[in-house]
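Undergrad: Quick one: the structure is below, and I'll ask about it shortly.
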Amino acid sequence: MNEHGWQGGFLERFSPQVREKLLSFAEPFRFKAGEDIIGEGDHSEYLYIIKSGRVAVEMRMPPKGRRTIRTGEAGDMINWSALVQPHRATASLRAVQDTEALGIRGEQLIDESRKDCQLGFELYRALTEVIAGRLNATRLQFVNIYSAG
């Protein structure tokens with residue numbers, strides 16, 4: 001655990017210097033259980049790192065409505081859409097429990113990445129690792145769905 005009270009997960013992918021720089025850009029957020037954080041298709045302003053609590057990542061699945069596709073927990077990064085054009089949420093986020101998160105403005109991270117190549121490299125490497133892991137998990141879900149037939 002560092003002096004900011006954050007440990008594990010997404011932040012551990014960074015060197016100490018870059019981690020401290022990221023934390024210096026951060027704003028604290030608190031979400032009540034059941035509170036919608038962002039809606040699918042909404043403008044994504046913040047990349048969030050969960051400190052405590054749980055966040056459901058949900059997608060609209062006609063005709064069934066919103067369905068949870070994964071749940072983020074302490075240390076997880078959510079809402080990477082804040083870093084990727086067109087900055088639109090690809091899913092809805094809803095606090096399952098009272099949740100504390102660190103939020104960093106995506107536009108600020110993009111600007112800082114242009115100025116600081118080490119930060120940019122580490123940030124986009126970490127983002128790629130997270131996205132690749134989530135794509136693999138989705139692939140495995142499809143295998144389970146279609147092999148159950």
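Scheme for the structure tokens: letters A, B, ... for chains in order shown; per-chain residue numbers from 1; ligand numbers from 1 in order shown.
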I'd like the neighbourhood of range 61-77 of chain A as a PyMOL selection string, where a residue qualifies if any of its atoms comes within 9 Å (using only C-alpha atoms), though same-chain residues fewer than 2 positions away should be ignored.
TA: chain A and resi 6-12+47-59+79-80+92+96+100-101+127+130+138
Undergrad: If you run DSSP on this backbone, which residues of range 12-127 of chain A come out as strand (DSSP E), and could you give them as a VMD selection string?
TA: chain A and resid 27 to 31 36 to 38 46 to 52 55 to 60 66 to 72 77 to 78 92 to 95 99 to 105
Undergrad: Those residues with N, CA and C atoms, as a short mmCIF file (atom, residue, chain, number, x, y, z; two decimals), in the first residue's frame please?
TA:
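Writing done, so here's selection-v1.cif:
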```cif
data_model
loop_
_atom_site.label_atom_id
_atom_site.label_comp_id
_atom_site.auth_asym_id
_atom_site.auth_seq_id
_atom_site.Cartn_x
_atom_site.Cartn_y
_atom_site.Cartn_z
N GLU A 27 -8.79 12.58 -8.65
CA GLU A 27 -9.84 13.20 -7.84
C GLU A 27 -10.60 12.07 -7.14
N PRO A 28 -10.95 12.26 -5.86
CA PRO A 28 -11.71 11.21 -5.17
C PRO A 28 -13.19 11.25 -5.56
N PHE A 29 -13.78 10.08 -5.68
CA PHE A 29 -15.21 9.95 -5.97
C PHE A 29 -15.80 8.94 -4.99
N ARG A 30 -17.05 9.19 -4.63
CA ARG A 30 -17.83 8.26 -3.81
C ARG A 30 -19.16 8.04 -4.51
N PHE A 31 -19.54 6.78 -4.62
CA PHE A 31 -20.81 6.41 -5.24
C PHE A 31 -21.58 5.54 -4.25
N ASP A 36 -26.06 5.06 -10.48
CA ASP A 36 -25.49 4.98 -11.82
C ASP A 36 -24.30 5.93 -11.91
N ILE A 37 -23.18 5.43 -12.41
CA ILE A 37 -21.96 6.23 -12.54
C ILE A 37 -21.88 6.84 -13.94
N ILE A 38 -22.16 6.03 -14.93
CA ILE A 38 -22.19 6.49 -16.33
C ILE A 38 -23.09 5.54 -17.11
N TYR A 46 -13.94 10.44 -17.22
CA TYR A 46 -12.98 9.94 -16.24
C TYR A 46 -12.66 8.47 -16.43
N LEU A 47 -11.40 8.15 -16.26
CA LEU A 47 -10.95 6.79 -16.06
C LEU A 47 -11.01 6.60 -14.54
N TYR A 48 -11.60 5.50 -14.07
CA TYR A 48 -11.75 5.28 -12.64
C TYR A 48 -10.92 4.08 -12.20
N ILE A 49 -10.37 4.19 -11.00
CA ILE A 49 -9.71 3.06 -10.34
C ILE A 49 -10.44 2.87 -9.03
N ILE A 50 -10.96 1.68 -8.81
CA ILE A 50 -11.78 1.41 -7.63
C ILE A 50 -10.88 1.21 -6.41
N LYS A 51 -11.18 1.97 -5.36
CA LYS A 51 -10.44 1.82 -4.09
C LYS A 51 -11.14 0.80 -3.20
N SER A 52 -12.46 0.92 -3.08
CA SER A 52 -13.24 -0.03 -2.29
C SER A 52 -14.64 -0.09 -2.88
N VAL A 55 -18.42 -2.38 -8.56
CA VAL A 55 -19.11 -1.67 -9.63
C VAL A 55 -19.51 -2.68 -10.71
N ALA A 56 -20.79 -2.69 -11.06
CA ALA A 56 -21.28 -3.55 -12.13
C ALA A 56 -21.06 -2.85 -13.46
N VAL A 57 -20.52 -3.60 -14.40
CA VAL A 57 -20.38 -3.14 -15.78
C VAL A 57 -21.54 -3.80 -16.52
N GLU A 58 -22.43 -2.97 -17.08
CA GLU A 58 -23.67 -3.49 -17.65
C GLU A 58 -23.82 -3.04 -19.10
N MET A 59 -24.48 -3.90 -19.88
CA MET A 59 -24.77 -3.57 -21.28
C MET A 59 -26.26 -3.81 -21.54
N ARG A 60 -26.79 -3.01 -22.47
CA ARG A 60 -28.17 -3.22 -22.91
C ARG A 60 -28.20 -4.45 -23.81
N ARG A 66 -30.79 -4.04 -19.30
CA ARG A 66 -29.39 -4.01 -18.86
C ARG A 66 -29.04 -5.29 -18.12
N ARG A 67 -27.89 -5.84 -18.49
CA ARG A 67 -27.38 -7.06 -17.86
C ARG A 67 -25.93 -6.84 -17.45
N THR A 68 -25.57 -7.35 -16.28
CA THR A 68 -24.19 -7.25 -15.80
C THR A 68 -23.32 -8.20 -16.60
N ILE A 69 -22.23 -7.66 -17.16
CA ILE A 69 -21.30 -8.50 -17.92
C ILE A 69 -20.02 -8.77 -17.13
N ARG A 70 -19.72 -7.94 -16.16
CA ARG A 70 -18.60 -8.17 -15.24
C ARG A 70 -18.77 -7.24 -14.05
N THR A 71 -18.00 -7.49 -13.02
CA THR A 71 -18.03 -6.64 -11.83
C THR A 71 -16.61 -6.21 -11.50
N GLY A 72 -16.42 -4.91 -11.32
CA GLY A 72 -15.12 -4.38 -10.93
C GLY A 72 -15.02 -4.29 -9.43
N MET A 77 -9.47 -1.08 -12.83
CA MET A 77 -9.66 0.14 -13.62
C MET A 77 -10.94 -0.07 -14.44
N ILE A 78 -11.78 0.95 -14.46
CA ILE A 78 -13.00 0.90 -15.26
C ILE A 78 -13.14 2.20 -16.05
N SER A 92 -22.59 0.60 -19.31
CA SER A 92 -23.02 1.40 -18.16
C SER A 92 -22.27 0.92 -16.93
N LEU A 93 -22.06 1.84 -15.99
CA LEU A 93 -21.44 1.49 -14.72
C LEU A 93 -22.40 1.85 -13.60
N ARG A 94 -22.57 0.91 -12.65
CA ARG A 94 -23.47 1.11 -11.52
C ARG A 94 -22.80 0.59 -10.26
N ALA A 95 -22.79 1.39 -9.21
CA ALA A 95 -22.22 0.94 -7.94
C ALA A 95 -23.10 -0.15 -7.36
N THR A 99 -19.07 2.74 -2.93
CA THR A 99 -17.79 2.60 -3.63
C THR A 99 -16.99 3.88 -3.55
N GLU A 100 -15.70 3.73 -3.27
CA GLU A 100 -14.75 4.83 -3.36
C GLU A 100 -13.89 4.57 -4.58
N ALA A 101 -13.66 5.61 -5.35
CA ALA A 101 -12.84 5.46 -6.55
C ALA A 101 -11.97 6.69 -6.74
N LEU A 102 -10.94 6.49 -7.49
CA LEU A 102 -10.05 7.55 -7.90
C LEU A 102 -10.41 7.82 -9.37
N GLY A 103 -10.66 9.06 -9.73
CA GLY A 103 -10.99 9.40 -11.10
C GLY A 103 -9.93 10.32 -11.69
N ILE A 104 -9.51 10.01 -12.91
CA ILE A 104 -8.53 10.83 -13.60
C ILE A 104 -9.13 11.21 -14.95
N ARG A 105 -9.15 12.49 -15.23
CA ARG A 105 -9.72 12.96 -16.50
C ARG A 105 -8.93 12.38 -17.68
#
```
Undergrad: Residues at most 12 Å from Arg114 in chain A, counting only C-alpha atoms, excluding those fewer than 6 positions away in the same chain, as a short mmCIF file (atom, residue, chain, number, x, y, z; two decimals) with N, CA and C atoms, in the first residue's frame?
TA:
```cif
data_model
loop_
_atom_site.label_atom_id
_atom_site.label_comp_id
_atom_site.auth_asym_id
_atom_site.auth_seq_id
_atom_site.Cartn_x
_atom_site.Cartn_y
_atom_site.Cartn_z
N GLU A 107 -8.84 13.30 -20.82
CA GLU A 107 -8.15 14.31 -21.65
C GLU A 107 -6.85 14.75 -21.01
N GLN A 108 -6.82 14.86 -19.69
CA GLN A 108 -5.59 15.23 -18.99
C GLN A 108 -4.54 14.14 -19.17
N GLY A 120 3.19 8.00 -20.92
CA GLY A 120 2.37 7.53 -22.04
C GLY A 120 2.60 6.07 -22.36
N PHE A 121 3.88 5.66 -22.38
CA PHE A 121 4.19 4.25 -22.65
C PHE A 121 3.58 3.34 -21.59
N LEU A 123 1.15 3.96 -19.45
CA LEU A 123 -0.30 4.04 -19.44
C LEU A 123 -0.92 3.20 -20.55
N TYR A 124 -0.43 3.35 -21.76
CA TYR A 124 -1.04 2.62 -22.86
C TYR A 124 -0.66 1.15 -22.86
#
```
Undergrad: Pick out the closest residue to Leu22 in chain A from this set: A:Gln85, A:Thr90, A:Gln118, A:Ser147. Count only C-alpha atoms.
TA: A:Gln118
Undergrad: Can you tell me, as a ChimeraX atom specification, which residues in chain A count as helix (DSSP H, G or I) by DSSP?
TA: /A:9-13,16-25,80-83,106-115,117-147
Undergrad: For CA of Ala82 in chain A and CA of Glu20 in chain A, quote the distance in Å rounded to one decimal.
TA: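 Here the two named atoms are 20.0 Å from each other.
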Undergrad: Using only C-alpha atoms, which of the listed residues (A:His43, A:Arg134, A:Arg13, A:Arg125) sits closest to Ser113 in chain A?
TA: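 Once distances to Ser113 in chain A are computed over only C-alpha atoms, the minimum belongs to A:Arg125.
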